[in-house]
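J.: One structure, pasted below without further comment.
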Amino acid sequence: MLEVVCGVIEDSEGRFLACLRPAGKHLGGLWEFPGGKIDPGESPDAALVRELKEELAVDVEVGRALTPVVWNYGEITIRLQPFICRIVSGELRALEHEELRWCAPADFPRLPWADADIPILREIFPTG
Ligand SMILES: Nc1nc2c([nH]c(=O)n2[C@H]2C[C@H](O)[C@@H](COP(=O)(O)OP(=O)(O)OP(=O)(O)O)O2)c(=O)[nH]1
């Protein structure tokens, strides 16, 4: 089982950050919450802070944990641990994604998401 952490980042206008995985990577061309694999011995919070700095060039404060999702993609099974978080410093840059997009809740279902993220979307936007 691959342990993965991701950040649900909200801005001051109530929009959330969606990130497009680049073509060529696993699940390329699908949208995700930014994050990545937890290193051995690393806490989920520390992994999230590290990954968001590497991928987006920002420092975040990690907040509330959402419900973890276990998803079997056939070739791999992941356990995805989502956390609400907030940018505390830095200017957003797409260092590893094809595109970054701030979305209103209504825009989320229109994007093609990685399958493991669908339960997370349902949890944060229950009516969507
Ligand atoms: N980061 C992230 N990965 C996700 C999400 N949903 C989902 O199915 N995944 C999958 C895609 C990958 O198979 C795995 C995480 O891999 P990753 O490529 O983001 O991890 P990483 O940055 O540490 O990887 P790498 O490029 O260093 O190899 O989890 C999500 O919302 N965020």
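Chain labels run A, B, ... following the order of the structure tokens; each chain numbers its residues from 1, and ligands are numbered from 1 in the order shown.
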So that I can see what lies close to Phe108 (chain A), please list as a list in words the residues with an atom at most 12 Å from it, counting only C-alpha atoms and leaving out residues fewer than 5 positions away in the same chain.

T.: Arg15, Phe16, Leu17, Ala18, Cys19, Trp31, Glu32, Phe33, Arg101, Trp102, Cys103, Trp113, Ala114, Asp117, Ile118, Ile120, Leu121, Arg122, Ile124, Phe125, Pro126, Thr127 and Gly128 of chain A

J.: Deliver the residues from the most recent selection as a file, using C-alpha atoms, as a short mmCIF file (atom, residue, chain, number, x, y, z; two decimals), in the first residue's frame.

T.:
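See selection-v3.cif below for the written result:
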data_model
loop_
_atom_site.label_atom_id
_atom_site.label_comp_id
_atom_site.auth_asym_id
_atom_site.auth_seq_id
_atom_site.Cartn_x
_atom_site.Cartn_y
_atom_site.Cartn_z
CA ARG A 15 -12.12 28.78 -3.68
CA PHE A 16 -10.03 25.59 -3.61
CA LEU A 17 -6.87 24.70 -5.49
CA ALA A 18 -7.08 21.97 -8.15
CA CYS A 19 -3.87 20.74 -9.83
CA TRP A 31 -6.86 16.64 -11.60
CA GLU A 32 -5.77 16.10 -8.02
CA PHE A 33 -5.11 17.81 -4.72
CA ARG A 101 -6.62 26.36 -10.95
CA TRP A 102 -8.53 28.05 -8.12
CA CYS A 103 -12.06 26.69 -8.37
CA TRP A 113 -10.45 13.92 -11.23
CA ALA A 114 -8.28 11.00 -10.16
CA ASP A 117 -10.24 12.04 -5.00
CA ILE A 118 -13.96 11.59 -5.65
CA ILE A 120 -12.82 13.66 -0.84
CA LEU A 121 -14.84 15.94 -3.12
CA ARG A 122 -18.05 14.42 -1.75
CA ILE A 124 -15.99 18.71 1.28
CA PHE A 125 -18.86 19.58 -1.10
CA PRO A 126 -21.69 17.32 0.16
CA THR A 127 -24.35 18.86 -2.07
CA GLY A 128 -22.18 18.95 -5.22
#

J.: List all protein, DNA and RNA residues that have any atom at most 8 Å from ligand 1, counting only C-alpha atoms and all ligand atoms, and write the list as a PyMOL selection string.

T.: chain A and resi 2+4-7+25-27+31-38+51+55+71+76+78+80+82+114-117

J.: When distances are computed from only C-alpha atoms, which of A:Cys85, A:Pro105, A:Ala94, A:Thr67 shows the smallest separation from Gly14 (chain A)?

T.: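 Looking at the shortest contact to Gly14 (chain A), the residue is A:Pro105.
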
J.: Among the residues of chain A, find those DSSP assigns to alpha helix (DSSP H) from the backbone and print them as a ChimeraX atom specification.

T.: /A:44-56,118-124

J.: Would you mind telling me which residue in A:Glu99, A:Asp107, A:Glu123, A:Glu10 lies nearest to Val60 (chain A) when using only C-alpha atoms?

T.: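 The answer is A:Glu10, which sits nearest to Val60 (chain A).
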
J.: If you count only C-alpha atoms, which residues fall within 10 Å of Arg86 (chain A), apart from same-chain ones fewer than 6 positions away, as a list of chain:residue names?

T.: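 Result of the neighbour search: A:Gly7, A:Val8, A:Ile9, A:Glu10, A:Asp11, A:Ser12, A:Val58, A:Asp59, A:Val60, A:Glu61, A:Val62, A:Gly63.
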
J.: Which residues, written as a ChimeraX atom specification, have at least one atom at most 6 Å from Arg79 (chain A), with only C-alpha atoms counted and residues fewer than 3 positions away on the same chain left out?

T.: /A:3-4,69-70

J.: The selected residues should be written to file as a short mmCIF file (atom, residue, chain, number, x, y, z; two decimals), in the first residue's frame (atoms: N, CA and C atoms).

T.:
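This went into again-v5.cif:
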data_model
loop_
_atom_site.label_atom_id
_atom_site.label_comp_id
_atom_site.auth_asym_id
_atom_site.auth_seq_id
_atom_site.Cartn_x
_atom_site.Cartn_y
_atom_site.Cartn_z
N GLU A 3 1.45 5.02 0.76
CA GLU A 3 0.89 6.06 1.64
C GLU A 3 1.10 7.42 1.00
N VAL A 4 -0.01 8.12 0.77
CA VAL A 4 0.04 9.40 0.06
C VAL A 4 -0.73 10.44 0.88
N VAL A 69 -8.77 7.89 2.16
CA VAL A 69 -9.38 7.08 1.09
C VAL A 69 -8.39 5.99 0.69
N VAL A 70 -8.84 4.73 0.72
CA VAL A 70 -8.02 3.64 0.18
C VAL A 70 -8.56 3.35 -1.20
#

J.: Excluding same-chain residues fewer than 4 positions from Glu98 (chain A), what lies within 9 Å of it counting only C-alpha atoms, as a list in words?

T.: Cys19, Leu20, Arg21, Pro22, Ala23, Gly29 and Ala94 of chain A

J.: Distance CA of Ile84 (chain A)-CA of Val49 (chain A), one decimal place?

T.: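 Computing it gives 11.9 Å between the two atoms.
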
J.: Taking the DSSP secondary structure from the backbone, can you list the residues of chain A that are strand (DSSP E or B), as an NGL selection string?

T.: :A and (2-10 or 16-20 or 31-32 or 35-37 or 59-65 or 69-72 or 77-89 or 99-103 or 113)

J.: Rounded to one decimal in Å, what is the spacing between CA of Pro40 (chain A) and CA of Pro119 (chain A)?

T.: 25.8 Å

J.: So what do you get for CA of Arg93 (chain A) versus CA of Leu56 (chain A), distance-wise?

T.: 4.9 Å
